[in-house]
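Notes follow once the structure below has been shown.
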Amino acid sequence: MVRLNPDISKFLLQWAFQRFSTKFKIKNNEIILDDCIVKFKDVHSSSKPQDIDFGYRKCQIKYGEPNFSKKKVNGKSIVEFNFDLPRELYDHLTLQHEKNARKDKHGRIRHKHVNSKIAEPSIDILIENVYTVLKESGIKLEKKKFKNKEFAICLTHDIDRLGEDRLLRSKTYAYQSLRNIPHLKIKKALGLIKGVFSGKNNDYQIQSVLDLERKYNADSSWFFLVSRKDSDFDINGQLAKATFQLLKGQEIGLHPSFIPLDQNHIQMEKSILSRHAEINGVRTHYLRGGFPETLVELEKSGFSYDSTFGYIDQYGFRFGTSYPFNVIAGDRILGIKEIPQTLMDTQVKDFKTVTKYLEDTFKILKSTHSVFVVNYHPSRFNIEKYDDLNLKVYEWILKKGKSEGALMTSIEQVMNSIYS
Ligand SMILES: [Zn+2]
């Protein structure tokens, strides 16, 4: 196995330790703090995953041994971990487990085609285990907060539909009623058929989402499609204009449509959307694109972050974390950050299962001071067309997030809370 580029290794340690407000320096694989030196082994080849738990929670490592030693030299503590933290982080953040996975026509890789556990944020847990050892060794290390909150939930919405096109709206109602008839949900189907002919635009749920978020003091990010071909509204039309007015104060981002994902096409869409708001963030429609090659194009197009690369078919932590990180592409560390989507409405099938999962996950994120990214399409809050599962889960998230003391806001605000 090739040695990790020293600049990348240094960057990864920097990234792991910038979660703490304590000042430090990095030399080789060592973190130099005021009262302590923290060392990690330089390990070049991986072995079978081994469990590691230093008193926080179990996770796995592949480079080195799951133990550490402590000594004192000239009154200074030295804590040496017998595994390679940068290498562990590198494998997760560059998706090494997907090396040979098959891609669909949109460049996407499905979770069911890769062998990886994504339910828990394994990187956040690993860093917390390191922290636990240092803390127990009496080393002063303070975890940073997100505007005085212990963890962050980014609330985001992809805007594929506003329901402006009545014909298209009717078609989607008809489609949903056909889907309901075989399940003998006749009442639902009849309601849907009524919706086909109704003049009311219940696909437009922007105001109700805003009202709901306001109830929990939350803000959010809204990613807009701009191509008329792929959306059901005109980005320069009356309804879109009124929508931008409603969304004043919220973050607006780009949702690139079915275009080739290269700098030219992306910038064209970005410039159209930039007439309505300042754009820093992006998430592709259908979560299209490949990692990291699409990020190279998005960086060239001037975005400061992307939030595309969760799995399409399963919620969880594809990179072992949803804490934002600068993307590594070959030997380069890009300026653009990835903040992976953790959960999307279409992945949720059952209220009990998902809320149990979120309850456990929020606990982990609260102790590790990390991040969760939710994506809910407002048009799916139309309970005349869909069932009320989306609405129920989304409101549960807001309520739980508030009671757990999470910062619930747009990606831009969470980025600001970390990096400024
Ligand atoms: Zn979309």
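Scheme for the structure tokens: letters A, B, ... for chains in order shown; per-chain residue numbers from 1; ligand numbers from 1 in order shown.
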> Counting only C-alpha atoms, what is within 12 Å of Ile328 in chain A, bar same-chain residues fewer than 3 positions away, as a PyMOL selection string?
Replying inline: chain A and resi 4-5+7-9+11-12+89-96+291-293+295-296+299+325+331-338
Let me see the file: selected residues, N, CA and C atoms, as a compact mmCIF listing (two decimals), in the first residue's frame.
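Once everything was written out, this is out.txt:
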# COMPACT_ATOMS: atom_id res chain seq x y z
N LEU A 4 0.54 7.46 2.82
CA LEU A 4 -0.36 8.61 2.72
C LEU A 4 0.48 9.87 2.54
N ASN A 5 0.08 10.69 1.58
CA ASN A 5 0.73 11.98 1.35
C ASN A 5 0.78 12.77 2.68
N ASP A 7 0.98 15.85 3.48
CA ASP A 7 0.09 17.02 3.56
C ASP A 7 -1.35 16.59 3.87
N ILE A 8 -1.75 15.49 3.25
CA ILE A 8 -3.11 14.99 3.48
C ILE A 8 -3.24 14.44 4.90
N SER A 9 -2.19 13.74 5.32
CA SER A 9 -2.18 13.22 6.68
C SER A 9 -2.31 14.35 7.70
N PHE A 11 -3.51 17.38 7.13
CA PHE A 11 -4.83 17.97 7.00
C PHE A 11 -5.88 17.17 7.78
N LEU A 12 -5.79 15.84 7.71
CA LEU A 12 -6.79 15.00 8.38
C LEU A 12 -6.71 15.12 9.91
N LEU A 89 -9.24 7.91 8.88
CA LEU A 89 -10.09 9.00 8.38
C LEU A 89 -10.06 9.05 6.85
N TYR A 90 -8.86 8.85 6.32
CA TYR A 90 -8.67 8.90 4.86
C TYR A 90 -9.58 7.88 4.16
N ASP A 91 -9.57 6.65 4.66
CA ASP A 91 -10.38 5.60 4.02
C ASP A 91 -11.86 5.95 4.02
N HIS A 92 -12.34 6.51 5.14
CA HIS A 92 -13.75 6.90 5.21
C HIS A 92 -14.06 8.08 4.29
N LEU A 93 -13.24 9.13 4.38
CA LEU A 93 -13.57 10.37 3.68
C LEU A 93 -13.31 10.28 2.18
N THR A 94 -12.58 9.25 1.74
CA THR A 94 -12.40 9.06 0.29
C THR A 94 -13.15 7.83 -0.20
N LEU A 95 -14.01 7.28 0.64
CA LEU A 95 -14.89 6.16 0.27
C LEU A 95 -14.14 4.98 -0.33
N GLN A 96 -13.06 4.56 0.35
CA GLN A 96 -12.27 3.43 -0.16
C GLN A 96 -13.10 2.15 -0.30
N PHE A 291 -18.19 10.76 -6.76
CA PHE A 291 -17.31 11.35 -5.74
C PHE A 291 -15.90 10.81 -5.94
N PRO A 292 -14.87 11.68 -6.06
CA PRO A 292 -14.91 13.13 -5.90
C PRO A 292 -14.97 13.93 -7.21
N GLU A 293 -15.09 13.23 -8.38
CA GLU A 293 -14.93 13.98 -9.64
C GLU A 293 -15.94 15.12 -9.81
N LEU A 295 -17.16 16.88 -7.46
CA LEU A 295 -16.75 17.95 -6.54
C LEU A 295 -15.71 18.87 -7.17
N VAL A 296 -14.86 18.28 -8.03
CA VAL A 296 -13.84 19.09 -8.71
C VAL A 296 -14.54 20.14 -9.58
N GLU A 299 -16.31 22.75 -7.37
CA GLU A 299 -15.34 23.70 -6.82
C GLU A 299 -15.01 24.77 -7.86
N PHE A 325 -16.33 18.43 5.65
CA PHE A 325 -14.89 18.25 5.46
C PHE A 325 -14.48 18.69 4.06
N ASP A 331 -4.25 13.83 -4.99
CA ASP A 331 -3.30 14.43 -4.06
C ASP A 331 -3.71 15.83 -3.62
N ARG A 332 -4.88 16.26 -4.08
CA ARG A 332 -5.32 17.63 -3.78
C ARG A 332 -6.36 17.66 -2.67
N ILE A 333 -6.27 18.71 -1.85
CA ILE A 333 -7.33 18.97 -0.89
C ILE A 333 -8.11 20.14 -1.45
N LEU A 334 -9.35 19.89 -1.83
CA LEU A 334 -10.13 20.93 -2.51
C LEU A 334 -10.58 22.01 -1.53
N GLY A 335 -10.87 23.17 -2.08
CA GLY A 335 -11.40 24.26 -1.26
C GLY A 335 -12.85 24.01 -0.88
N ILE A 336 -13.56 23.27 -1.71
CA ILE A 336 -14.98 23.00 -1.46
C ILE A 336 -15.13 21.93 -0.37
N LYS A 337 -16.18 22.10 0.45
CA LYS A 337 -16.44 21.13 1.50
C LYS A 337 -17.65 20.26 1.15
N GLU A 338 -17.59 19.03 1.59
CA GLU A 338 -18.75 18.15 1.48
C GLU A 338 -19.41 18.08 2.85
>> For ligand 1, return the neighbouring residues as a PyMOL selection string (distance at most 9 Å; only C-alpha atoms and all ligand atoms).
In response: chain A and resi 158-161+223-225+230-231+255-257+283-287+377
Kindly save the residues from that selection, with N, CA and C atoms included, as a compact mmCIF listing (two decimals), in the first residue's frame.
# COMPACT_ATOMS: atom_id res chain seq x y z
N ASP A 158 -35.05 20.09 -1.06
CA ASP A 158 -34.83 20.17 -2.51
C ASP A 158 -36.15 20.61 -3.15
N ILE A 159 -36.06 21.63 -4.00
CA ILE A 159 -37.28 22.14 -4.63
C ILE A 159 -37.34 21.66 -6.08
N ASP A 160 -37.99 20.51 -6.27
CA ASP A 160 -38.21 19.96 -7.62
C ASP A 160 -39.55 20.45 -8.16
N ARG A 161 -40.49 20.69 -7.25
CA ARG A 161 -41.85 21.05 -7.65
C ARG A 161 -42.42 22.18 -6.81
N PHE A 223 -32.81 24.15 -1.91
CA PHE A 223 -32.06 23.95 -3.16
C PHE A 223 -33.03 23.93 -4.34
N PHE A 224 -32.87 24.91 -5.24
CA PHE A 224 -33.82 25.09 -6.35
C PHE A 224 -33.33 24.51 -7.67
N LEU A 225 -34.21 23.75 -8.33
CA LEU A 225 -34.00 23.41 -9.73
C LEU A 225 -34.20 24.68 -10.54
N ASP A 230 -36.96 20.10 -16.16
CA ASP A 230 -36.97 19.10 -15.10
C ASP A 230 -37.86 19.46 -13.91
N SER A 231 -38.21 20.73 -13.78
CA SER A 231 -39.08 21.14 -12.68
C SER A 231 -40.49 21.36 -13.21
N HIS A 255 -29.83 23.37 -7.21
CA HIS A 255 -30.15 21.95 -7.35
C HIS A 255 -29.95 21.61 -8.83
N PRO A 256 -28.72 21.36 -9.27
CA PRO A 256 -28.47 21.17 -10.71
C PRO A 256 -29.34 20.06 -11.30
N SER A 257 -29.93 20.33 -12.47
CA SER A 257 -30.88 19.39 -13.06
C SER A 257 -30.14 18.34 -13.90
N ARG A 283 -26.71 20.98 -4.19
CA ARG A 283 -26.98 19.54 -4.09
C ARG A 283 -27.62 19.13 -5.41
N THR A 284 -27.08 18.12 -6.08
CA THR A 284 -27.60 17.77 -7.40
C THR A 284 -28.95 17.06 -7.29
N HIS A 285 -29.79 17.29 -8.30
CA HIS A 285 -31.08 16.62 -8.44
C HIS A 285 -30.81 15.12 -8.61
N TYR A 286 -31.62 14.27 -7.96
CA TYR A 286 -31.44 12.81 -8.00
C TYR A 286 -30.16 12.36 -7.32
N LEU A 287 -29.48 13.28 -6.62
CA LEU A 287 -28.15 12.99 -6.03
C LEU A 287 -27.20 12.43 -7.09
N HIS A 377 -38.46 17.09 0.86
CA HIS A 377 -39.06 17.81 -0.27
C HIS A 377 -40.41 18.38 0.18
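Using only C-alpha atoms, the smallest distance between any of A:Ile37, A:Leu162, A:Ile364, A:Cys59 and Gln238 in chain A comes from A:Leu162.
Closest approach to Val209 in chain A from the set A:Glu395, A:Glu142, A:Asp51, A:Asp84 is made by A:Glu395, with distances taken over only C-alpha atoms.
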>> Can you tell me, as a ChimeraX atom specification, which residues in range 8-93 of chain A count as helix (DSSP H, G or I) by DSSP?
In response: /A:8-17,85-93
Could you write those residues out with N, CA and C atoms, as a PDB file, in the first residue's frame?
ATOM      1  N   ILE A   8      -1.747  15.494   3.252  1.00  0.00           N
ATOM      2  CA  ILE A   8      -3.108  14.989   3.475  1.00  0.00           C
ATOM      3  C   ILE A   8      -3.235  14.442   4.897  1.00  0.00           C
ATOM      4  N   SER A   9      -2.195  13.741   5.323  1.00  0.00           N
ATOM      5  CA  SER A   9      -2.179  13.217   6.681  1.00  0.00           C
ATOM      6  C   SER A   9      -2.311  14.351   7.702  1.00  0.00           C
ATOM      7  N   LYS A  10      -1.552  15.409   7.467  1.00  0.00           N
ATOM      8  CA  LYS A  10      -1.588  16.572   8.358  1.00  0.00           C
ATOM      9  C   LYS A  10      -2.973  17.226   8.330  1.00  0.00           C
ATOM     10  N   PHE A  11      -3.506  17.377   7.127  1.00  0.00           N
ATOM     11  CA  PHE A  11      -4.832  17.967   6.996  1.00  0.00           C
ATOM     12  C   PHE A  11      -5.883  17.169   7.780  1.00  0.00           C
ATOM     13  N   LEU A  12      -5.789  15.841   7.714  1.00  0.00           N
ATOM     14  CA  LEU A  12      -6.785  15.003   8.383  1.00  0.00           C
ATOM     15  C   LEU A  12      -6.709  15.122   9.911  1.00  0.00           C
ATOM     16  N   LEU A  13      -5.486  15.210  10.434  1.00  0.00           N
ATOM     17  CA  LEU A  13      -5.348  15.421  11.882  1.00  0.00           C
ATOM     18  C   LEU A  13      -5.893  16.787  12.276  1.00  0.00           C
ATOM     19  N   GLN A  14      -5.573  17.767  11.454  1.00  0.00           N
ATOM     20  CA  GLN A  14      -6.075  19.130  11.650  1.00  0.00           C
ATOM     21  C   GLN A  14      -7.604  19.118  11.710  1.00  0.00           C
ATOM     22  N   TRP A  15      -8.185  18.400  10.755  1.00  0.00           N
ATOM     23  CA  TRP A  15      -9.644  18.325  10.658  1.00  0.00           C
ATOM     24  C   TRP A  15     -10.241  17.664  11.904  1.00  0.00           C
ATOM     25  N   ALA A  16      -9.604  16.568  12.356  1.00  0.00           N
ATOM     26  CA  ALA A  16     -10.124  15.868  13.537  1.00  0.00           C
ATOM     27  C   ALA A  16     -10.025  16.747  14.781  1.00  0.00           C
ATOM     28  N   PHE A  17      -8.908  17.470  14.919  1.00  0.00           N
ATOM     29  CA  PHE A  17      -8.683  18.219  16.159  1.00  0.00           C
ATOM     30  C   PHE A  17      -9.242  19.634  16.139  1.00  0.00           C
ATOM     31  N   LEU A  85      -4.630   7.193  12.962  1.00  0.00           N
ATOM     32  CA  LEU A  85      -5.890   7.944  12.842  1.00  0.00           C
ATOM     33  C   LEU A  85      -6.065   8.583  11.455  1.00  0.00           C
ATOM     34  N   PRO A  86      -5.043   9.292  10.914  1.00  0.00           N
ATOM     35  CA  PRO A  86      -5.237   9.891   9.591  1.00  0.00           C
ATOM     36  C   PRO A  86      -5.625   8.864   8.529  1.00  0.00           C
ATOM     37  N   ARG A  87      -5.004   7.704   8.594  1.00  0.00           N
ATOM     38  CA  ARG A  87      -5.295   6.659   7.610  1.00  0.00           C
ATOM     39  C   ARG A  87      -6.750   6.151   7.738  1.00  0.00           C
ATOM     40  N   GLU A  88      -7.204   5.997   8.975  1.00  0.00           N
ATOM     41  CA  GLU A  88      -8.603   5.593   9.200  1.00  0.00           C
ATOM     42  C   GLU A  88      -9.553   6.638   8.603  1.00  0.00           C
ATOM     43  N   LEU A  89      -9.241   7.914   8.876  1.00  0.00           N
ATOM     44  CA  LEU A  89     -10.090   9.001   8.378  1.00  0.00           C
ATOM     45  C   LEU A  89     -10.058   9.047   6.854  1.00  0.00           C
ATOM     46  N   TYR A  90      -8.855   8.852   6.319  1.00  0.00           N
ATOM     47  CA  TYR A  90      -8.674   8.898   4.863  1.00  0.00           C
ATOM     48  C   TYR A  90      -9.581   7.881   4.161  1.00  0.00           C
ATOM     49  N   ASP A  91      -9.566   6.647   4.655  1.00  0.00           N
ATOM     50  CA  ASP A  91     -10.378   5.599   4.017  1.00  0.00           C
ATOM     51  C   ASP A  91     -11.865   5.952   4.021  1.00  0.00           C
ATOM     52  N   HIS A  92     -12.336   6.513   5.135  1.00  0.00           N
ATOM     53  CA  HIS A  92     -13.750   6.899   5.211  1.00  0.00           C
ATOM     54  C   HIS A  92     -14.056   8.078   4.290  1.00  0.00           C
ATOM     55  N   LEU A  93     -13.237   9.126   4.385  1.00  0.00           N
ATOM     56  CA  LEU A  93     -13.568  10.366   3.681  1.00  0.00           C
ATOM     57  C   LEU A  93     -13.308  10.284   2.176  1.00  0.00           C
TER      58      LEU A  93
END
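Going from CA of Gly253 in chain A over to CA of Leu168 in chain A, you cover 24.2 Å.
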List as a compact mmCIF listing (two decimals) with C-alpha atoms, in the first residue's frame the protein and nucleic acid residues near Leu358 in chain A, meaning an atom at most 12 Å away when only C-alpha atoms are counted, but skip any in the same chain fewer than 3 places from it.
# COMPACT_ATOMS: atom_id res chain seq x y z
CA ALA A 119 -25.98 3.38 10.73
CA GLU A 120 -23.54 4.97 13.19
CA ILE A 153 -29.19 19.42 12.55
CA TYR A 315 -30.11 6.80 5.42
CA GLY A 316 -26.97 6.88 7.53
CA THR A 342 -27.72 11.84 6.27
CA LEU A 343 -31.45 11.26 5.79
CA VAL A 348 -38.23 6.63 5.42
CA PHE A 351 -42.35 5.98 11.76
CA LYS A 352 -41.31 3.72 14.63
CA THR A 353 -38.13 2.43 12.98
CA VAL A 354 -36.85 5.84 11.95
CA THR A 355 -37.65 7.64 15.19
CA THR A 361 -28.24 8.83 16.65
CA PHE A 362 -29.01 12.26 18.14
CA LYS A 363 -27.59 11.00 21.45
CA ILE A 364 -24.31 10.08 19.73
CA LEU A 365 -24.16 13.39 17.85
CA LYS A 366 -24.81 15.28 21.06
CA PHE A 372 -26.90 15.58 10.91
CA VAL A 373 -28.27 16.65 7.50
CA VAL A 374 -31.97 16.14 6.73
CA VAL A 393 -41.39 12.38 10.95
CA TYR A 394 -40.28 15.91 10.07
CA TRP A 396 -40.81 14.69 15.27
CA ILE A 397 -37.26 15.69 14.19
CA LEU A 398 -37.92 19.37 14.93
CA LYS A 399 -39.44 18.59 18.31
CA LYS A 400 -36.71 16.14 19.31
CA GLY A 401 -33.97 18.43 18.00
CA GLU A 404 -32.11 17.81 22.79
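The shell of residues at most 9 Å from Ile252 in chain A, with only C-alpha atoms counted and near chain neighbours (fewer than 5 positions) removed, consists of Ser220, Ser221, Trp222, Phe223, Phe224, Phe244, Leu247, Leu273, His276, Ala277, Glu278, Ile279, Asn280 and Gly281 of chain A.
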Please produce a file of those selected residues containing C-alpha atoms, as a PDB file, in the first residue's frame.
ATOM      1  CA  SER A 220     -33.271  25.938   6.639  1.00  0.00           C
ATOM      2  CA  SER A 221     -31.605  25.614   3.208  1.00  0.00           C
ATOM      3  CA  TRP A 222     -33.639  25.434  -0.014  1.00  0.00           C
ATOM      4  CA  PHE A 223     -32.060  23.946  -3.160  1.00  0.00           C
ATOM      5  CA  PHE A 224     -33.818  25.091  -6.350  1.00  0.00           C
ATOM      6  CA  PHE A 244     -38.073  33.759  -2.987  1.00  0.00           C
ATOM      7  CA  LEU A 247     -37.882  32.590   1.807  1.00  0.00           C
ATOM      8  CA  LEU A 273     -30.334  31.330  -9.751  1.00  0.00           C
ATOM      9  CA  HIS A 276     -32.612  35.734  -7.021  1.00  0.00           C
ATOM     10  CA  ALA A 277     -30.199  35.110  -4.141  1.00  0.00           C
ATOM     11  CA  GLU A 278     -26.573  34.710  -3.169  1.00  0.00           C
ATOM     12  CA  ILE A 279     -25.592  31.093  -3.818  1.00  0.00           C
ATOM     13  CA  ASN A 280     -22.880  29.227  -1.904  1.00  0.00           C
ATOM     14  CA  GLY A 281     -24.186  25.691  -1.691  1.00  0.00           C
TER      15      GLY A 281
END
>> For the strand (DSSP E or B) assignment from backbone DSSP, which residues of range 51-234 of chain A qualify? Please present them as a ChimeraX atom specification.
In response: /A:51-52,59-61,64-73,76-83,143,146,149,152-159,221-224
> Contacts of Ala406 in chain A at 6 Å or less, counting only C-alpha atoms, minus same-chain residues fewer than 5 places along, as a ChimeraX atom specification?
Replying inline: /A:149,151-152,401
